[in-house]
Amino acid sequence: MLRRIVFTLLTAITLTAQTPFDRLVNAERDPANWLTYSGTLDGQRYSRLTQITPANAKDLELKWVLQTRAPAEPNSKYEATSLVSNGVLYTVQPPNVVVALDAANGKIFWTYPYNPAPSARLCCGRINRGLAILGNTLFMGTIDGNLIALDARDGHTMWTTPIGRPEAGYSVTVAPLIVKDKVIAGPAGGEYGISGFLSAYSAETGKEMWRFNTIPQPGEAGHESWENDAWKHGGGSIWTTGSYDPALNLIYWGIGNASPDWNGDVRPGDNLYTSSVIALDADTGKLKWHFQFTPHDEFDFDATQVPVLADLIWQGKPRKVLLFANRNGFFYVLDRQTGEFLLGKPFAKVTWADGLDAKGRPNRVGHSTPEGSLIYPENQGATNWYNPAYSPRTGLFYIPSWLDTHSINTSRVEPYKEGNQYGGGSATHEVPALRPGPTNKRLPEVGYGAIQALDPKTGAIKWHFNMMDVTDSGVLVTASDIVFAGGREGYFYALDARTGAPLWKAMVGGAVSAGPTSYAVEGKQYISIPAGNAIFTFALR
Amino acid sequence: MALKSILFSLVLTAVAALPAFPQEGHGFTPAEIQRGGIAYSSFCVNCHGPDGDQISGVNLGSNQFRRAQSDAELIRIIQKGIPGTPMPPGAYTDEQAAVLVAYLRSMATSPRSTRKGPPGDPSRGKALVEAKGQCLNCHRIGHQGTVTGPDLTSIGITRRLAEIEIALLDPSIDIRPENRPVRAVAKDGTKIAGTLLNQDTYTIQILDSNATLRSLYKTNLREYEFLKVSPMPNFRDRLSEQEISDVVSYLVSLKGLR
C-alpha cells in the first residue's frame, strides 16, 4: 500500500544547504543548535551553553507552551527529543505528527500529520522518539513500519521506504541517526517475534545501502547461538538511537530483547545479538565487535540505551570508552575500539545475576519460571530508554534510575502467530509499567525513581536525587554544571551537576517521558521539555 | 520494551483492589491469579458479583459450570460470550482470558467465609450500622454518613463476603492502598491524621480526619508515616457473633445507589 515514492527531479534539491553532515560532526562547536537525538553524535547529551547557571537557575521562567495538535490518544506518550536548527524547532507529537515552529516563541510554521495504517501494532504505546535532520531534510520512522523523508521547509514528503510489515509487528519508533549520507534506523517489535536488523538508507533516495541482521541468519556469524528454528522469530529490535565515532568510523547501537521475551527454553543458546551493543563499520555495516550484556535474556531486559562515548583517563592512560547503564541493573564501561570489558557494577538492586565475570558475563542466578520468580529489577528495568547524560567537566555519568523495584517473571509456552504478541510469559508490576496513574498511593518499599550521578572510573554513585515516583525522563547536563530532568510526578527541574542539590523546579502537570533539549536563539539560552501532551520551554527572566 | 498486556497495566493503575485470598490451583501462579482478580473486578463483577453468584443459576466461584468443563471452554466463553444471553463477548487475548480463568478456578479453593457464624439478617444489620456500630461516623452509605472512611455504598459489589468479614474482625490485616492511613506531625507540633490521596517528592495530599482536603508540604513537616494499624475499630469484641453476621449480610446487600 505504502509504495516508495520516486525521487523526482523537483524534490532533488541539494542536501547540503541547511544542516550538512559536517555540522552534525562538529555539533559541540555549535551549541545554539540541537541537531541530533543526543545533541552530539557521541550520545553525551551535554550542552555547551552556559547562560543558565546554578546561581541564576532560580530565575528560569516559562516562555512558551505547545499543546498537542493531534488528539491525545490514551496509548500514546510524548517521547520525542526535539531538534533545533537555525531557530526552528522540530518535534514529533504522537503518534507521527511533525511540527516545525519558532524555537523562541512557539509559533507554528507547519505541521505534517502522518496517518499511520490501522494495521500498526505497538506493545507499549503509539509513540515516536524523534527526528533526524540532514541538509534540508527531516527523517522520521512511523509506527506502521516506514521510514520517511520530509522537506524541512514545508513538511513535503520526499520519499517513503517501507522497512517492515506492520501486520507482523514491525514499527519504527526510534529517532534515526545520520552518518555521512546515510540514515540509520531499524524496526521495533520485540514483543511480536520480529527478526530484527539495523540498516542504512540513502538520505537522498531512501534506498537501503546496507543491512546488519541483529538476529544472524543461517550462514552468518552468531547463528550458532540459536537452537531449533527459534532464530526465525528471535526479536532483536531497534528502538533507541545509537551513537557514532567519526575517528573510528564506527556506529554503536543497543539491541532489543530476544523473543519470546520470557520463555528462554524454546531458544537455547546466548541468542546473539539480542540484549547486546554492536559496533558496525559505518560504510559497510560489517560487525567490528559486539558485547552481550544479558546472554539468553529471559526478562525482556533489552539493551536499548544510548551508548555514550567518552574519552577518559583510564587507569592512567587515555582511553576511548563506551558507557552503558543497562536496563538489567549493571553499569558497564567498554573499550569502544575493541569491545573489551573494562568495568561492570550494579547501580540498583539486582537479583537475577550474582555479579559479572572477568569478561563481563553475568553469573546468572535467576530465571523466568512457569511458577513465576521474583526478580530485581522489575521488568521496566533499573533504567530504560530514557537517555542518560555525561559531562566531560564533572566526569560524571547521569542515569535516570528505578530503584528497588521487582517483578514476578512467569514463563509460558506460547506458539508464534503473526501479528500476535509473542511474549512467552509475563511480568508483574507494582509500579505502573508505562505511565503513571492519576495519583500515587504506593509505599516507598515497592520502588522509587532517582537521578543518579555515577563516576564511570569506579562505578561508584557520587550523588542521587530521589523522587517518590519513578521517572521516564531523559537527562541533559550543561557546561555550566546543571542537570535537567523530570519525572512522572509532573515536575521538570534543575539539579547541581556536582552535588545533586535541587536548584529550580517547575510543575508541568504531566509525566515527563522525553529527553530535554537546550539551544539558543539570538543569544538567549532555552531549555525545552515535552511533558504530558505538550512541550514546555523555559529561559531566564 | 514491554509488557505483556497494556490492558492490565491500565487496569492496575485504575483498580488497586486485589483479591484477598488468591490461591493456587489448576497450575496457575499467584501472580496470574492476582492479575485475573484485577480483571475480574473491572470486567465481570458488575454482572456476576464479587463471589460469582449474583446471576441466578450461575456460580462462577463454585468450579461447577453449566456450559464449560475445561479451561479452553471457559476461555472460549469469555472471548466469544454466550450468544442469545446477556453474557457479552470481549476482546480478550488468550492470555487475558487465561488469567480470568485462573481467578475463577481460585475462587472455589479460597474460603467463601472466614467464620462459622449464625445466619445474618440484613435489616437488623442496617440498624446496627446506623446506631450501635457508629459506622456512619466514618463511612458513607448512600446519602448518609461521612467521608473519612471508605464509601460503603457499593461494598457488596467490590468486595467478597470473606473480605468484608476481615474488615470488621481484623481491620489492619487488609488495608487497601486506596485507604492508606497517614499520620503527620507539623513543625509546630500539630498532629494531622487522614487517608492518603496522592503524594510526590515534595507534597502529600490527604483527606484528614475532619473530612478536609489538605495538601501538606514535606518541608513543613517534622515527620510523617503510613500507618500499618487501621483507624477503624476492631468489632470482634464490640459486636456479638449474631450482630457480626447481621452487619455482614447488610454490607453484602449494598450494591450501589439504585
# chains A, B, ... in the order shown; residues from 1 in each chain; ligands from 1
$ closest_atom_pairs --of "chain A" --to "chain B" --cutoff "8 Å" --atoms "only C-alpha atoms" --output "Markdown table"
| residue | atom | partner | partner_atom | distance |
| --- | --- | --- | --- | --- |
| A:Cys123 | CA | B:Ala2 | CA | 6.1 |
| A:Cys124 | CA | B:Ala2 | CA | 6.2 |
| A:Gly190 | CA | B:Met1 | CA | 7.5 |
| A:Glu191 | CA | B:Ala2 | CA | 6.8 |
| A:Gly256 | CA | B:Met1 | CA | 7.8 |
| A:Asn257 | CA | B:Met1 | CA | 7.9 |
| A:Asp300 | CA | B:Met1 | CA | 6.8 |
| A:Phe301 | CA | B:Met1 | CA | 7.5 |
| A:Asp302 | CA | B:Met1 | CA | 7.0 |
| A:Pro370 | CA | B:Thr29 | CA | 7.8 |
| A:Glu371 | CA | B:Thr29 | CA | 5.4 |
| A:Gly372 | CA | B:Thr29 | CA | 6.6 |
| A:Asn379 | CA | B:Ala2 | CA | 7.8 |
| A:Gln380 | CA | B:Met1 | CA | 7.2 |
| A:Ile408 | CA | B:Ala31 | CA | 7.1 |
| A:Gln421 | CA | B:Lys4 | CA | 7.4 |
| A:Gly423 | CA | B:Lys4 | CA | 6.2 |
| A:Gly425 | CA | B:Lys4 | CA | 7.3 |
| A:Ser426 | CA | B:Lys4 | CA | 5.4 |
| A:Ala427 | CA | B:Leu3 | CA | 7.2 |
| A:Thr428 | CA | B:Ala31 | CA | 6.9 |
| A:His429 | CA | B:Ser9 | CA | 7.7 |
| A:Pro432 | CA | B:Thr13 | CA | 6.1 |
| A:Ala433 | CA | B:Ser9 | CA | 6.6 |
| A:Leu434 | CA | B:Ser9 | CA | 7.6 |
| A:Pro436 | CA | B:Thr13 | CA | 7.4 |
| A:Gly437 | CA | B:Thr13 | CA | 5.2 |
| A:Thr439 | CA | B:Asn198 | CA | 5.0 |
| A:Asn440 | CA | B:Asn198 | CA | 5.0 |
| A:Lys441 | CA | B:Asn198 | CA | 5.7 |
| A:Arg442 | CA | B:Pro177 | CA | 6.7 |
| A:Leu443 | CA | B:Phe226 | CA | 7.8 |
| A:Asn466 | CA | B:Thr201 | CA | 7.8 |
| A:Met467 | CA | B:Thr201 | CA | 5.0 |
| A:Met468 | CA | B:Thr201 | CA | 4.9 |
| A:Asp469 | CA | B:Asp200 | CA | 6.7 |
| A:Glu489 | CA | B:Asp200 | CA | 6.2 |
$ residues_around --residues "Ile164 (chain B)" --least-positions-apart "4" --cutoff "9 Å" --atoms "only C-alpha atoms" --output "MDAnalysis selection string"
chainID B and resid 155:156 159:160 168:169 248 251:252
$ residues_around --residues "region 113-127 of chain B" --least-positions-apart "3" --cutoff "10 Å" --atoms "only C-alpha atoms" --output "number ranges by chain"
B: 110, 130-133, 160-166, 240-254
$ atom_distance --atom1 "CA of Asp42 (chain A)" --atom2 "CA of Lys462 (chain A)"
22.9 Å
$ residues_around --residues "region 56-69 of chain B" --least-positions-apart "4" --cutoff "12 Å" --atoms "only C-alpha atoms" --output "tab-separated table (two decimals) with all heavy atoms, in the first residue's frame"
chain	number	residue	atom	x	y	z
B	25	GLY	N	-4.18	-23.38	42.04
B	25	GLY	CA	-5.00	-24.49	41.60
B	25	GLY	C	-4.85	-24.52	40.12
B	25	GLY	O	-4.49	-23.52	39.51
B	26	HIS	N	-5.09	-25.66	39.48
B	26	HIS	CA	-5.03	-25.76	38.03
B	26	HIS	C	-3.72	-25.25	37.45
B	26	HIS	O	-3.68	-24.80	36.31
B	26	HIS	CB	-6.17	-24.96	37.40
B	26	HIS	CG	-7.34	-25.85	37.09
B	26	HIS	ND1	-7.68	-26.23	35.83
B	26	HIS	CD2	-8.21	-26.44	37.92
B	26	HIS	CE1	-8.74	-27.02	35.87
B	26	HIS	NE2	-9.08	-27.17	37.13
B	40	TYR	N	-11.15	-9.37	36.73
B	40	TYR	CA	-12.49	-9.76	37.12
B	40	TYR	C	-13.23	-8.57	37.74
B	40	TYR	O	-14.37	-8.29	37.41
B	40	TYR	CB	-12.45	-10.94	38.10
B	40	TYR	CG	-13.81	-11.44	38.50
B	40	TYR	CD1	-14.49	-12.36	37.72
B	40	TYR	CD2	-14.42	-10.97	39.67
B	40	TYR	CE1	-15.76	-12.80	38.07
B	40	TYR	CE2	-15.69	-11.40	40.03
B	40	TYR	CZ	-16.36	-12.32	39.22
B	40	TYR	OH	-17.61	-12.74	39.58
B	44	CYS	N	-16.14	-8.11	35.08
B	44	CYS	CA	-17.14	-9.15	35.30
B	44	CYS	C	-17.99	-8.90	36.54
B	44	CYS	O	-19.12	-9.39	36.63
B	44	CYS	CB	-16.46	-10.52	35.46
B	44	CYS	SG	-15.03	-10.77	34.39
B	45	VAL	N	-17.44	-8.15	37.51
B	45	VAL	CA	-18.06	-8.13	38.83
B	45	VAL	C	-19.44	-7.49	38.81
B	45	VAL	O	-20.32	-7.87	39.55
B	45	VAL	CB	-17.11	-7.45	39.85
B	45	VAL	CG1	-17.19	-5.93	39.74
B	45	VAL	CG2	-17.39	-7.91	41.26
B	47	CYS	N	-21.86	-7.78	36.74
B	47	CYS	CA	-22.91	-8.76	36.45
B	47	CYS	C	-22.84	-9.95	37.39
B	47	CYS	O	-23.85	-10.41	37.90
B	47	CYS	CB	-22.79	-9.25	35.01
B	47	CYS	SG	-23.17	-7.97	33.80
B	48	HIS	N	-21.62	-10.47	37.60
B	48	HIS	CA	-21.51	-11.75	38.30
B	48	HIS	C	-21.35	-11.60	39.81
B	48	HIS	O	-21.48	-12.59	40.53
B	48	HIS	CB	-20.34	-12.55	37.73
B	48	HIS	CG	-20.64	-13.16	36.40
B	48	HIS	ND1	-21.47	-14.24	36.25
B	48	HIS	CD2	-20.24	-12.82	35.15
B	48	HIS	CE1	-21.55	-14.56	34.96
B	48	HIS	NE2	-20.82	-13.70	34.28
B	49	GLY	N	-21.08	-10.39	40.29
B	49	GLY	CA	-20.91	-10.19	41.72
B	49	GLY	C	-19.56	-10.65	42.22
B	49	GLY	O	-18.88	-11.45	41.55
B	50	PRO	N	-19.15	-10.14	43.38
B	50	PRO	CA	-17.79	-10.43	43.87
B	50	PRO	C	-17.57	-11.92	44.15
B	50	PRO	O	-16.45	-12.40	44.02
B	50	PRO	CB	-17.69	-9.61	45.14
B	50	PRO	CG	-19.07	-9.27	45.52
B	50	PRO	CD	-19.88	-9.24	44.27
B	51	ASP	N	-18.61	-12.65	44.52
B	51	ASP	CA	-18.43	-14.07	44.78
B	51	ASP	C	-18.86	-14.92	43.58
B	51	ASP	O	-18.90	-16.15	43.69
B	51	ASP	CB	-19.20	-14.49	46.04
B	51	ASP	CG	-18.47	-14.03	47.31
B	51	ASP	OD1	-17.31	-14.46	47.50
B	51	ASP	OD2	-19.02	-13.21	48.06
B	52	GLY	N	-19.20	-14.28	42.49
B	52	GLY	CA	-19.51	-15.02	41.27
B	52	GLY	C	-20.89	-15.65	41.25
B	52	GLY	O	-21.19	-16.45	40.36
B	73	GLU	N	-12.70	-24.31	27.25
B	73	GLU	CA	-14.11	-23.93	27.03
B	73	GLU	C	-14.44	-22.63	27.76
B	73	GLU	O	-15.17	-21.78	27.25
B	73	GLU	CB	-15.03	-25.06	27.51
B	73	GLU	CG	-15.06	-26.23	26.53
B	73	GLU	CD	-15.68	-27.50	27.14
B	73	GLU	OE1	-15.66	-27.65	28.38
B	73	GLU	OE2	-16.16	-28.31	26.36
B	74	LEU	N	-13.88	-22.47	28.94
B	74	LEU	CA	-14.11	-21.21	29.67
B	74	LEU	C	-13.51	-20.03	28.91
B	74	LEU	O	-14.13	-18.97	28.80
B	74	LEU	CB	-13.50	-21.30	31.08
B	74	LEU	CG	-14.29	-22.16	32.07
B	74	LEU	CD1	-13.46	-22.41	33.33
B	74	LEU	CD2	-15.61	-21.49	32.44
B	75	ILE	N	-12.30	-20.23	28.39
B	75	ILE	CA	-11.65	-19.15	27.63
B	75	ILE	C	-12.53	-18.76	26.44
B	75	ILE	O	-12.73	-17.59	26.15
B	75	ILE	CB	-10.25	-19.61	27.17
B	75	ILE	CG1	-9.31	-19.64	28.38
B	75	ILE	CG2	-9.70	-18.70	26.06
B	75	ILE	CD1	-7.93	-20.16	28.10
B	76	ARG	N	-13.10	-19.78	25.80
B	76	ARG	CA	-13.96	-19.51	24.65
B	76	ARG	C	-15.18	-18.68	25.06
B	76	ARG	O	-15.54	-17.72	24.39
B	76	ARG	CB	-14.40	-20.86	24.05
B	76	ARG	CG	-14.70	-20.77	22.59
B	76	ARG	CD	-15.28	-22.06	22.03
B	76	ARG	NE	-16.31	-21.70	21.06
B	76	ARG	CZ	-16.04	-21.16	19.88
B	76	ARG	NH1	-14.81	-20.93	19.51
B	76	ARG	NH2	-17.03	-20.83	19.06
B	77	ILE	N	-15.79	-19.04	26.18
B	77	ILE	CA	-16.97	-18.28	26.65
B	77	ILE	C	-16.58	-16.84	26.94
B	77	ILE	O	-17.29	-15.90	26.58
B	77	ILE	CB	-17.57	-18.95	27.91
B	77	ILE	CG1	-18.23	-20.29	27.53
B	77	ILE	CG2	-18.58	-18.03	28.59
B	77	ILE	CD1	-18.83	-21.05	28.70
B	78	ILE	N	-15.44	-16.67	27.59
B	78	ILE	CA	-15.02	-15.31	27.97
B	78	ILE	C	-14.77	-14.46	26.72
B	78	ILE	O	-15.12	-13.28	26.67
B	78	ILE	CB	-13.77	-15.39	28.87
B	78	ILE	CG1	-14.17	-15.97	30.23
B	78	ILE	CG2	-13.13	-14.01	29.03
B	78	ILE	CD1	-13.00	-16.36	31.12
B	81	GLY	N	-18.42	-14.82	24.46
B	81	GLY	CA	-19.71	-14.60	25.09
B	81	GLY	C	-20.62	-15.80	24.88
B	81	GLY	O	-20.20	-16.83	24.34
B	82	ILE	N	-21.87	-15.68	25.34
B	82	ILE	CA	-22.85	-16.75	25.10
B	82	ILE	C	-23.99	-16.12	24.30
B	82	ILE	O	-24.81	-15.38	24.84
B	82	ILE	CB	-23.38	-17.34	26.42
B	82	ILE	CG1	-22.20	-17.83	27.28
B	82	ILE	CG2	-24.35	-18.47	26.15
B	82	ILE	CD1	-22.61	-18.32	28.66
B	87	MET	N	-24.56	-12.56	28.50
B	87	MET	CA	-23.11	-12.76	28.65
B	87	MET	C	-22.41	-12.24	27.39
B	87	MET	O	-22.55	-12.83	26.32
B	87	MET	CB	-22.82	-14.24	28.89
B	87	MET	CG	-21.34	-14.60	28.85
B	87	MET	SD	-20.38	-13.82	30.18
B	87	MET	CE	-18.73	-14.01	29.55
B	100	LEU	N	-8.15	-14.78	33.69
B	100	LEU	CA	-9.51	-14.73	34.24
B	100	LEU	C	-9.95	-16.12	34.69
B	100	LEU	O	-10.53	-16.29	35.76
B	100	LEU	CB	-10.48	-14.17	33.19
B	100	LEU	CG	-10.49	-12.65	33.08
B	100	LEU	CD1	-11.09	-12.19	31.76
B	100	LEU	CD2	-11.27	-12.04	34.25
B	101	VAL	N	-9.66	-17.12	33.87
B	101	VAL	CA	-9.98	-18.50	34.26
B	101	VAL	C	-9.22	-18.85	35.53
B	101	VAL	O	-9.77	-19.47	36.45
B	101	VAL	CB	-9.64	-19.48	33.10
B	101	VAL	CG1	-9.77	-20.92	33.57
B	101	VAL	CG2	-10.55	-19.21	31.91
B	102	ALA	N	-7.95	-18.43	35.58
B	102	ALA	CA	-7.15	-18.72	36.78
B	102	ALA	C	-7.86	-18.17	38.01
B	102	ALA	O	-7.93	-18.82	39.06
B	102	ALA	CB	-5.77	-18.08	36.64
B	103	TYR	N	-8.40	-16.97	37.88
B	103	TYR	CA	-9.08	-16.37	39.03
B	103	TYR	C	-10.37	-17.12	39.37
B	103	TYR	O	-10.65	-17.41	40.53
B	103	TYR	CB	-9.36	-14.89	38.77
B	103	TYR	CG	-10.04	-14.24	39.95
B	103	TYR	CD1	-9.36	-14.07	41.16
B	103	TYR	CD2	-11.37	-13.84	39.89
B	103	TYR	CE1	-9.97	-13.52	42.27
B	103	TYR	CE2	-12.00	-13.28	41.00
B	103	TYR	CZ	-11.30	-13.13	42.18
B	103	TYR	OH	-11.91	-12.59	43.29
B	104	LEU	N	-11.16	-17.47	38.35
B	104	LEU	CA	-12.41	-18.21	38.61
B	104	LEU	C	-12.09	-19.51	39.34
B	104	LEU	O	-12.75	-19.87	40.32
B	104	LEU	CB	-13.15	-18.52	37.31
B	104	LEU	CG	-13.60	-17.33	36.45
B	104	LEU	CD1	-14.49	-17.81	35.30
B	104	LEU	CD2	-14.35	-16.29	37.27
B	105	ARG	N	-11.07	-20.24	38.85
B	105	ARG	CA	-10.71	-21.51	39.49
B	105	ARG	C	-10.27	-21.27	40.94
B	105	ARG	O	-10.55	-22.08	41.83
B	105	ARG	CB	-9.57	-22.18	38.73
B	105	ARG	CG	-9.88	-22.56	37.29
B	105	ARG	CD	-10.76	-23.79	37.21
B	105	ARG	NE	-10.89	-24.31	35.86
B	105	ARG	CZ	-11.85	-25.12	35.46
B	105	ARG	NH1	-12.79	-25.51	36.31
B	105	ARG	NH2	-11.89	-25.55	34.21
B	106	SER	N	-9.57	-20.16	41.17
B	106	SER	CA	-9.04	-19.92	42.52
B	106	SER	C	-10.16	-19.58	43.50
B	106	SER	O	-10.06	-19.84	44.70
B	106	SER	CB	-8.03	-18.78	42.51
B	106	SER	OG	-8.70	-17.53	42.51
B	107	MET	N	-11.26	-19.00	42.99
B	107	MET	CA	-12.34	-18.61	43.90
B	107	MET	C	-12.89	-19.83	44.63
B	107	MET	O	-13.23	-19.77	45.81
B	107	MET	CB	-13.48	-17.94	43.12
B	107	MET	CG	-13.24	-16.47	42.85
B	107	MET	SD	-14.29	-15.87	41.54
B	107	MET	CE	-15.75	-15.46	42.41
B	108	ALA	N	-12.92	-20.96	43.90
B	108	ALA	CA	-13.51	-22.16	44.50
B	108	ALA	C	-12.61	-22.72	45.61
B	108	ALA	O	-13.09	-23.40	46.51
B	108	ALA	CB	-13.73	-23.21	43.42
B	109	THR	N	-11.32	-22.44	45.52
B	109	THR	CA	-10.41	-23.02	46.52
B	109	THR	C	-10.15	-22.06	47.67
B	109	THR	O	-9.45	-22.40	48.61
B	109	THR	CB	-9.06	-23.40	45.88
B	109	THR	OG1	-8.50	-22.22	45.32
B	109	THR	CG2	-9.24	-24.43	44.79
B	110	SER	N	-10.67	-20.83	47.57
B	110	SER	CA	-10.49	-19.91	48.70
B	110	SER	C	-11.79	-19.86	49.49
B	110	SER	O	-12.87	-20.01	48.92
B	110	SER	CB	-10.10	-18.53	48.18
B	110	SER	OG	-11.12	-18.03	47.35
B	111	PRO	N	-11.71	-19.66	50.79
B	111	PRO	CA	-12.92	-19.77	51.60
B	111	PRO	C	-13.92	-18.68	51.24
B	111	PRO	O	-13.55	-17.53	51.01
B	111	PRO	CB	-12.40	-19.58	53.03
B	111	PRO	CG	-11.10	-18.88	52.89
B	111	PRO	CD	-10.53	-19.30	51.57
B	112	ARG	N	-15.18	-19.08	51.18
B	112	ARG	CA	-16.23	-18.11	50.91
B	112	ARG	C	-16.47	-17.26	52.15
B	112	ARG	O	-16.79	-16.09	52.08
B	112	ARG	CB	-17.51	-18.87	50.56
B	112	ARG	CG	-18.44	-18.08	49.70
B	112	ARG	CD	-19.76	-18.80	49.54
B	112	ARG	NE	-20.81	-17.90	49.94
B	112	ARG	CZ	-21.20	-16.87	49.21
B	112	ARG	NH1	-20.63	-16.60	48.07
B	112	ARG	NH2	-22.18	-16.08	49.63
B	160	ARG	N	-15.62	-9.34	48.29
B	160	ARG	CA	-16.19	-10.65	48.58
B	160	ARG	C	-16.60	-10.69	50.05
B	160	ARG	O	-16.06	-9.95	50.88
B	160	ARG	CB	-15.18	-11.75	48.28
B	160	ARG	CG	-14.72	-11.73	46.83
B	160	ARG	CD	-13.76	-12.86	46.55
B	160	ARG	NE	-14.43	-14.14	46.65
B	160	ARG	CZ	-13.80	-15.32	46.59
B	160	ARG	NH1	-12.49	-15.36	46.46
B	160	ARG	NH2	-14.47	-16.43	46.69
$ select_by_dssp --residues "region 4-225 of chain B" --states "alpha helix (DSSP H)" --output "ChimeraX atom specification"
/B:6-14,30-43,45-48,71-80,94-109,122-130,155-158,161-169
